[in-house]
Amino acid sequence: MLFINEKKIIETLAENEQPSSERVDAVIAKALELKGLNAEETAVLLQCSEGKTIQKMLSTAKKVKEKIYGNRIVLFAPLYLSNYCANNCLYCGFRAENKQLERKALDMQELKREVETLEGQGHKRLLLVAGEHPAYIGIEYITKAVQTVYETKKERGEIRRVNVNTAPFTVGEFKQLKQAGIGTYQVFQETYHSETYKKMHVSGKKADYEWRLAAMDRAQQAGIDDVGIGALFGLCDYKFEVLALLQHAEHLQEKFGTGPHTISVPRIEPALNAPAALQPPAPVSDDEFKKIIAVLRLSVPYTGMILSTRENAETRNELINYGVSQISAGSRTNPGGYTENEKKHFPEAEQFSLGDTRELDEVVRELMKQGFAPSFCTGCYRSGRTGEKFMQLAKPGDIQQFCTPNSLFTLKEYLEDYAKKETKRIGEELIAKQLEQINNEKTRQLTKQKLEQIERGQRDVYI
Ligand code: SAM
Ligand code: SF4
């Protein structure tokens, strides 16, 4: 089962230490062909420390991302169901030994209220998150929560895609989750370095490295073909983690014919009573973090990359240039954190401290000012373009023919139903400009027609 070959990762990094600028240039040129990079080539980029060459890497990552996804950025909100946790991850505020944390698991009524609040802000995509605790968070609870989210509709609001980030399940349990209609199932290995993993996960089910590592295989076996992997940067050498993420992606590709749908790049933030969060064992600087994102974009160009509100607004604004394709917005990381009477920020109940506390509307506006098209699109998932089908389109960059129109439709809906005046003004300008840039005459006309339908009141328009 162990498809992570730690020895090989260490060797590959050692063999490619201090690469010549010619070698780095050759790898960057290859990355522009959008075919991805192998471990050796990725190691060359990771080992490069020369400022000018790194700049070239960053600008190439931006080009690659634009070629594949256009300028859209998908927005979602995390929704924390419960902060009960029987595990003891040394970096997390939810860990069992944090006795100062106020514990809570939402009941379905409370969940409904949270969903209504998020719908009222304009969200269409949610990520359900929970600690791991058999007494509170079993598969029945999670599947019921997924169903409740889909069923909760307020005025024009509805959630069209529910992704899940919880402790891993058995194949049978994953089948139940699939039945409930989940979008992507995410779980992060945190660190792929088994020794470091052991040190960080001192007790509880999560202490089992292999059970977690095999989670995506079980999810795929159960028919969940959009899976999201990730590493928590700051626990172990970032170069090691990037090459391990690549091995994980290659393993999924070989075994199931499709790599991960997304890669998440959380970076450790301070958390209450969490020693490894207050003093990360292998801290990653902002410059290194930029490089991580650019290298991943060049190595696995067709895979979505997710950045959360852990990062502050300024850092996120910069990082989305280098390859991030999805960000969370307006987030709270405590159960019940969105509901009206709890709208005040309650840092003592949070999983970790938030870097970006801007509201959704402000995030949408800022993105557009930077030239990005915010998207709430769920078109692929709902048209059955998931797993291998999605990757076949994403790999040659064809997904843009859907992404651009669909992102404009969901942006238009947002502008009509939720945006503040200034956001709407900027948004309408952006849509007009984007429309002009659609080269294919037929697609442009179709997009125009559908935008007009939305203006006349039609909703949930996608191709
Ligand atoms: N409990 C489940 C698990 O551990 O997989 C799922 C939810 S957990 C709340 C989601 C993720 O939060 C973890 O996988 C970890 O990467 C991230 N996380 C935990 N503590 C963090 C911290 N201090 N800063 C940033 N991210 C953190
Ligand atoms: Fe629990 Fe997940 Fe936090 Fe670990 S990361 S303590 S499993 S919530």
# chains A, B, ... in the order shown; residues from 1 in each chain; ligands from 1
>>> closest_atom_pairs(of="chain A", to="ligand 2", cutoff="7 Å", atoms="only C-alpha atoms and all ligand atoms", output="CSV")
residue,atom,partner,partner_atom_place_in_ligand_line,distance
A:Asn83,CA,ligand 2,8 (S),6.5
A:Cys85,CA,ligand 2,1 (Fe),4.7
A:Ala86,CA,ligand 2,1 (Fe),6.6
A:Asn87,CA,ligand 2,1 (Fe),5.0
A:Asn88,CA,ligand 2,6 (S),5.0
A:Cys89,CA,ligand 2,4 (Fe),4.4
A:Cys92,CA,ligand 2,3 (Fe),4.5
A:Gly93,CA,ligand 2,3 (Fe),6.3
A:Phe94,CA,ligand 2,3 (Fe),4.7
A:Arg95,CA,ligand 2,6 (S),3.6
A:Ala96,CA,ligand 2,6 (S),6.7
A:Ala130,CA,ligand 2,8 (S),6.2
A:Gly131,CA,ligand 2,8 (S),3.5
A:Glu132,CA,ligand 2,7 (S),5.2
A:Ala167,CA,ligand 2,7 (S),6.7
A:Lys206,CA,ligand 2,7 (S),6.3
>>> closest_atom_pairs(of="chain A", to="ligand 1", cutoff="9 Å", atoms="only C-alpha atoms and all ligand atoms", output="CSV")
residue,atom,partner,partner_atom_place_in_ligand_line,distance
A:Tyr80,CA,ligand 1,9 (C),8.0
A:Ser82,CA,ligand 1,9 (C),8.9
A:Asn83,CA,ligand 1,9 (C),7.7
A:Cys85,CA,ligand 1,1 (N),7.2
A:Asn87,CA,ligand 1,1 (N),8.2
A:Cys89,CA,ligand 1,20 (N),7.6
A:Leu90,CA,ligand 1,20 (N),8.2
A:Tyr91,CA,ligand 1,23 (N),4.8
A:Cys92,CA,ligand 1,20 (N),3.6
A:Gly93,CA,ligand 1,20 (N),6.4
A:Phe94,CA,ligand 1,9 (C),7.3
A:Arg95,CA,ligand 1,20 (N),8.9
A:Leu128,CA,ligand 1,7 (C),8.7
A:Val129,CA,ligand 1,7 (C),5.1
A:Ala130,CA,ligand 1,7 (C),4.8
A:Gly131,CA,ligand 1,1 (N),3.7
A:Glu132,CA,ligand 1,1 (N),4.9
A:His133,CA,ligand 1,1 (N),8.6
A:Val164,CA,ligand 1,6 (C),8.6
A:Asn165,CA,ligand 1,6 (C),5.1
A:Thr166,CA,ligand 1,6 (C),3.8
A:Ala167,CA,ligand 1,2 (C),4.4
A:Pro168,CA,ligand 1,5 (O),7.1
A:Gln186,CA,ligand 1,5 (O),8.2
A:Val187,CA,ligand 1,5 (O),5.3
A:Phe188,CA,ligand 1,14 (O),4.8
A:Gln189,CA,ligand 1,14 (O),7.1
A:Glu190,CA,ligand 1,16 (O),5.3
A:Thr191,CA,ligand 1,16 (O),9.0
A:Lys206,CA,ligand 1,4 (O),7.4
A:Arg212,CA,ligand 1,5 (O),8.5
A:Gly230,CA,ligand 1,16 (O),7.5
A:Ala231,CA,ligand 1,16 (O),6.5
A:Leu232,CA,ligand 1,16 (O),4.8
A:Phe233,CA,ligand 1,25 (C),8.4
A:Ser264,CA,ligand 1,16 (O),8.7
A:Val265,CA,ligand 1,16 (O),8.5
A:Pro266,CA,ligand 1,26 (N),5.5
A:Arg267,CA,ligand 1,25 (C),5.3
A:Ile268,CA,ligand 1,24 (N),3.7
A:Glu269,CA,ligand 1,24 (N),3.8
A:Pro270,CA,ligand 1,23 (N),5.3
A:Ala271,CA,ligand 1,23 (N),5.0
A:Leu272,CA,ligand 1,23 (N),8.4
A:Ala274,CA,ligand 1,23 (N),7.2
A:Ala276,CA,ligand 1,23 (N),7.8
A:Ala277,CA,ligand 1,23 (N),4.9
A:Leu278,CA,ligand 1,23 (N),8.0
A:Ser308,CA,ligand 1,26 (N),8.9
A:Arg310,CA,ligand 1,25 (C),6.3
A:Thr333,CA,ligand 1,9 (C),8.4
A:Gln351,CA,ligand 1,20 (N),6.3
A:Phe352,CA,ligand 1,23 (N),4.8
A:Ser353,CA,ligand 1,24 (N),7.5
A:Leu354,CA,ligand 1,24 (N),8.9
>>> residues_around(residues="range 297-300 of chain A", least_positions_apart="6", cutoff="6 Å", atoms="only C-alpha atoms", output="JSON, numbers by chain")
{"A": [31, 36, 37, 61, 323]}
>>> write_last_selection(atoms="N, CA and C atoms", output="CSV table (one decimal), in the first residue's frame")
chain,number,residue,atom,x,y,z
A,31,ALA,N,7.3,23.1,-18.7
A,31,ALA,CA,6.1,23.3,-18.0
A,31,ALA,C,5.1,24.1,-18.8
A,36,GLY,N,2.7,18.9,-17.4
A,36,GLY,CA,3.1,18.5,-16.1
A,36,GLY,C,4.6,18.2,-16.0
A,37,LEU,N,5.1,18.0,-14.8
A,37,LEU,CA,6.5,17.7,-14.6
A,37,LEU,C,6.6,16.4,-13.8
A,61,ALA,N,4.0,30.1,-13.9
A,61,ALA,CA,2.8,29.5,-13.2
A,61,ALA,C,1.6,30.3,-13.5
A,323,GLY,N,-1.3,30.6,-9.3
A,323,GLY,CA,-1.8,29.2,-9.6
A,323,GLY,C,-2.9,28.7,-8.8
>>> closest_residue(among="A:Asp287, A:Leu106, A:Val295, A:Met368", to="Leu245 in chain A", atoms="only C-alpha atoms")
A:Val295
>>> closest_residue(among="A:Ala329, A:Val363, A:Ile54, A:Ile10", to="Ile306 in chain A", atoms="only C-alpha atoms")
A:Ala329
>>> closest_atom_pairs(of="range 57-147 of chain A", to="range 415-438 of chain A", cutoff="8 Å", atoms="only C-alpha atoms", output="Markdown table")
| residue | atom | partner | partner_atom | distance |
| --- | --- | --- | --- | --- |
| A:Gly120 | CA | A:Tyr418 | CA | 7.6 |
| A:Gln121 | CA | A:Tyr418 | CA | 6.4 |
| A:Gly122 | CA | A:Tyr418 | CA | 5.9 |
>>> write_last_selection(atoms="all heavy atoms", output="mmCIF file, in the first residue's frame")
data_model
loop_
_atom_site.group_PDB
_atom_site.id
_atom_site.type_symbol
_atom_site.label_atom_id
_atom_site.label_comp_id
_atom_site.auth_asym_id
_atom_site.auth_seq_id
_atom_site.Cartn_x
_atom_site.Cartn_y
_atom_site.Cartn_z
ATOM 1 N N GLY A 120 -27.711 33.569 2.117
ATOM 2 C CA GLY A 120 -28.073 34.991 2.109
ATOM 3 C C GLY A 120 -26.915 35.884 1.691
ATOM 4 O O GLY A 120 -27.103 37.026 1.275
ATOM 5 N N GLN A 121 -25.703 35.365 1.817
ATOM 6 C CA GLN A 121 -24.531 36.151 1.373
ATOM 7 C C GLN A 121 -24.215 35.895 -0.105
ATOM 8 O O GLN A 121 -23.457 36.637 -0.711
ATOM 9 C CB GLN A 121 -23.292 35.757 2.203
ATOM 10 C CG GLN A 121 -23.389 36.140 3.658
ATOM 11 C CD GLN A 121 -22.308 35.462 4.500
ATOM 12 O OE1 GLN A 121 -21.400 34.800 3.982
ATOM 13 N NE2 GLN A 121 -22.397 35.611 5.804
ATOM 14 N N GLY A 122 -24.780 34.803 -0.647
ATOM 15 C CA GLY A 122 -24.552 34.515 -2.067
ATOM 16 C C GLY A 122 -23.736 33.262 -2.322
ATOM 17 O O GLY A 122 -23.423 32.939 -3.466
#
>>> select_by_dssp(residues="range 228-456 of chain A", states="helix (DSSP H, G or I)", output="PyMOL selection string")
chain A and resi 238-256+275-278+286-299+313-322+340-342+347-349+360-369+379-382+387-394+400-417+421-437+441-455
>>> select_by_dssp(residues="range 43-233 of chain A", states="strand (DSSP E)", output="number ranges by chain")
A: 72-82, 125-130, 153-154, 157-158, 161-165, 185-186, 227-230
>>> atom_distance(atom1="CA of Ser285 in chain A", atom2="CA of Lys369 in chain A")
26.6 Å
>>> atom_distance(atom1="CA of Tyr69 in chain A", atom2="CA of Ala215 in chain A")
27.8 Å
>>> closest_residue(among="A:Pro260, A:Asp237, A:Glu158, A:Gly204", to="Gln220 in chain A", atoms="only C-alpha atoms")
A:Pro260
>>> decode(residues="range 102-118 of chain A", atoms="all heavy atoms", output="short mmCIF file (atom, residue, chain, number, x, y, z; two decimals), in the first residue's frame")
data_model
loop_
_atom_site.label_atom_id
_atom_site.label_comp_id
_atom_site.auth_asym_id
_atom_site.auth_seq_id
_atom_site.Cartn_x
_atom_site.Cartn_y
_atom_site.Cartn_z
N GLU A 102 -14.46 25.56 23.87
CA GLU A 102 -15.87 25.27 24.08
C GLU A 102 -16.33 24.35 22.97
O GLU A 102 -16.18 24.70 21.79
CB GLU A 102 -16.66 26.57 24.00
CG GLU A 102 -17.61 26.77 25.15
CD GLU A 102 -18.31 28.09 24.97
OE1 GLU A 102 -17.73 29.12 25.37
OE2 GLU A 102 -19.41 28.05 24.42
N ARG A 103 -16.86 23.18 23.30
CA ARG A 103 -17.18 22.19 22.27
C ARG A 103 -18.63 22.30 21.83
O ARG A 103 -19.51 22.59 22.64
CB ARG A 103 -16.93 20.77 22.78
CG ARG A 103 -15.55 20.52 23.31
CD ARG A 103 -14.55 20.26 22.20
NE ARG A 103 -13.18 20.30 22.72
CZ ARG A 103 -12.11 19.97 22.02
NH1 ARG A 103 -12.24 19.60 20.75
NH2 ARG A 103 -10.91 20.04 22.54
N LYS A 104 -18.84 22.02 20.55
CA LYS A 104 -20.19 22.12 20.02
C LYS A 104 -20.31 21.28 18.75
O LYS A 104 -19.40 21.25 17.93
CB LYS A 104 -20.47 23.58 19.67
CG LYS A 104 -21.88 23.83 19.21
CD LYS A 104 -22.14 25.33 19.10
CE LYS A 104 -23.53 25.61 18.57
NZ LYS A 104 -24.61 25.04 19.38
N ALA A 105 -21.46 20.58 18.62
CA ALA A 105 -21.79 19.92 17.35
C ALA A 105 -23.15 20.46 16.93
O ALA A 105 -24.09 20.44 17.73
CB ALA A 105 -21.85 18.40 17.55
N LEU A 106 -23.24 20.97 15.74
CA LEU A 106 -24.49 21.57 15.29
C LEU A 106 -25.57 20.50 15.16
O LEU A 106 -25.29 19.41 14.65
CB LEU A 106 -24.32 22.23 13.92
CG LEU A 106 -23.32 23.38 13.78
CD1 LEU A 106 -23.34 23.89 12.34
CD2 LEU A 106 -23.65 24.51 14.75
N ASP A 107 -26.79 20.81 15.61
CA ASP A 107 -27.88 19.91 15.23
C ASP A 107 -28.41 20.38 13.88
O ASP A 107 -27.98 21.42 13.37
CB ASP A 107 -28.96 19.82 16.33
CG ASP A 107 -29.66 21.15 16.56
OD1 ASP A 107 -29.78 21.95 15.60
OD2 ASP A 107 -30.08 21.42 17.71
N MET A 108 -29.34 19.63 13.30
CA MET A 108 -29.74 19.94 11.91
C MET A 108 -30.45 21.30 11.80
O MET A 108 -30.36 21.96 10.77
CB MET A 108 -30.60 18.80 11.34
CG MET A 108 -29.81 17.53 11.15
SD MET A 108 -28.32 17.74 10.11
CE MET A 108 -27.08 16.86 11.04
N GLN A 109 -31.12 21.71 12.87
CA GLN A 109 -31.76 23.03 12.85
C GLN A 109 -30.69 24.13 12.82
O GLN A 109 -30.80 25.10 12.08
CB GLN A 109 -32.63 23.21 14.11
CG GLN A 109 -34.06 22.73 13.95
CD GLN A 109 -34.72 23.22 12.66
OE1 GLN A 109 -34.63 24.40 12.32
NE2 GLN A 109 -35.34 22.31 11.93
N GLU A 110 -29.68 23.93 13.65
CA GLU A 110 -28.60 24.93 13.69
C GLU A 110 -27.85 24.96 12.36
O GLU A 110 -27.48 26.02 11.86
CB GLU A 110 -27.62 24.60 14.84
CG GLU A 110 -28.21 24.84 16.21
CD GLU A 110 -27.38 24.25 17.34
OE1 GLU A 110 -26.81 23.14 17.17
OE2 GLU A 110 -27.29 24.88 18.40
N LEU A 111 -27.67 23.77 11.79
CA LEU A 111 -26.99 23.69 10.50
C LEU A 111 -27.80 24.45 9.45
O LEU A 111 -27.26 25.23 8.65
CB LEU A 111 -26.81 22.22 10.09
CG LEU A 111 -26.29 21.98 8.68
CD1 LEU A 111 -24.92 22.61 8.47
CD2 LEU A 111 -26.21 20.48 8.37
N LYS A 112 -29.09 24.25 9.47
CA LYS A 112 -29.99 24.91 8.51
C LYS A 112 -29.80 26.44 8.61
O LYS A 112 -29.71 27.12 7.59
CB LYS A 112 -31.43 24.53 8.90
CG LYS A 112 -32.34 24.36 7.73
CD LYS A 112 -33.60 23.64 8.21
CE LYS A 112 -34.74 23.90 7.32
NZ LYS A 112 -35.35 25.00 6.98
N ARG A 113 -29.73 26.92 9.84
CA ARG A 113 -29.58 28.38 10.01
C ARG A 113 -28.24 28.87 9.45
O ARG A 113 -28.16 29.92 8.85
CB ARG A 113 -29.70 28.76 11.50
CG ARG A 113 -31.15 28.75 11.98
CD ARG A 113 -31.32 29.66 13.18
NE ARG A 113 -30.60 29.17 14.35
CZ ARG A 113 -31.08 28.25 15.18
NH1 ARG A 113 -32.28 27.72 14.98
NH2 ARG A 113 -30.38 27.84 16.22
N GLU A 114 -27.21 28.08 9.68
CA GLU A 114 -25.89 28.44 9.14
C GLU A 114 -25.95 28.51 7.61
O GLU A 114 -25.42 29.42 6.99
CB GLU A 114 -24.84 27.40 9.54
CG GLU A 114 -24.43 27.42 10.99
CD GLU A 114 -23.40 28.50 11.28
OE1 GLU A 114 -22.21 28.29 11.01
OE2 GLU A 114 -23.81 29.57 11.77
N VAL A 115 -26.61 27.49 7.04
CA VAL A 115 -26.69 27.43 5.57
C VAL A 115 -27.48 28.62 5.05
O VAL A 115 -27.08 29.27 4.07
CB VAL A 115 -27.34 26.09 5.12
CG1 VAL A 115 -27.52 26.05 3.62
CG2 VAL A 115 -26.48 24.91 5.57
N GLU A 116 -28.57 28.95 5.73
CA GLU A 116 -29.38 30.10 5.28
C GLU A 116 -28.56 31.39 5.32
O GLU A 116 -28.66 32.23 4.43
CB GLU A 116 -30.63 30.23 6.15
CG GLU A 116 -31.65 29.18 5.81
CD GLU A 116 -32.85 29.12 6.77
OE1 GLU A 116 -32.83 29.84 7.79
OE2 GLU A 116 -33.77 28.35 6.49
N THR A 117 -27.76 31.52 6.36
CA THR A 117 -26.93 32.73 6.46
C THR A 117 -25.96 32.80 5.28
O THR A 117 -25.81 33.84 4.64
CB THR A 117 -26.12 32.73 7.79
OG1 THR A 117 -27.04 32.58 8.85
CG2 THR A 117 -25.32 34.01 7.96
N LEU A 118 -25.34 31.67 4.96
CA LEU A 118 -24.38 31.66 3.85
C LEU A 118 -25.08 31.86 2.51
O LEU A 118 -24.56 32.56 1.64
CB LEU A 118 -23.59 30.34 3.86
CG LEU A 118 -22.58 30.25 5.00
CD1 LEU A 118 -22.10 28.82 5.20
CD2 LEU A 118 -21.39 31.16 4.74
#
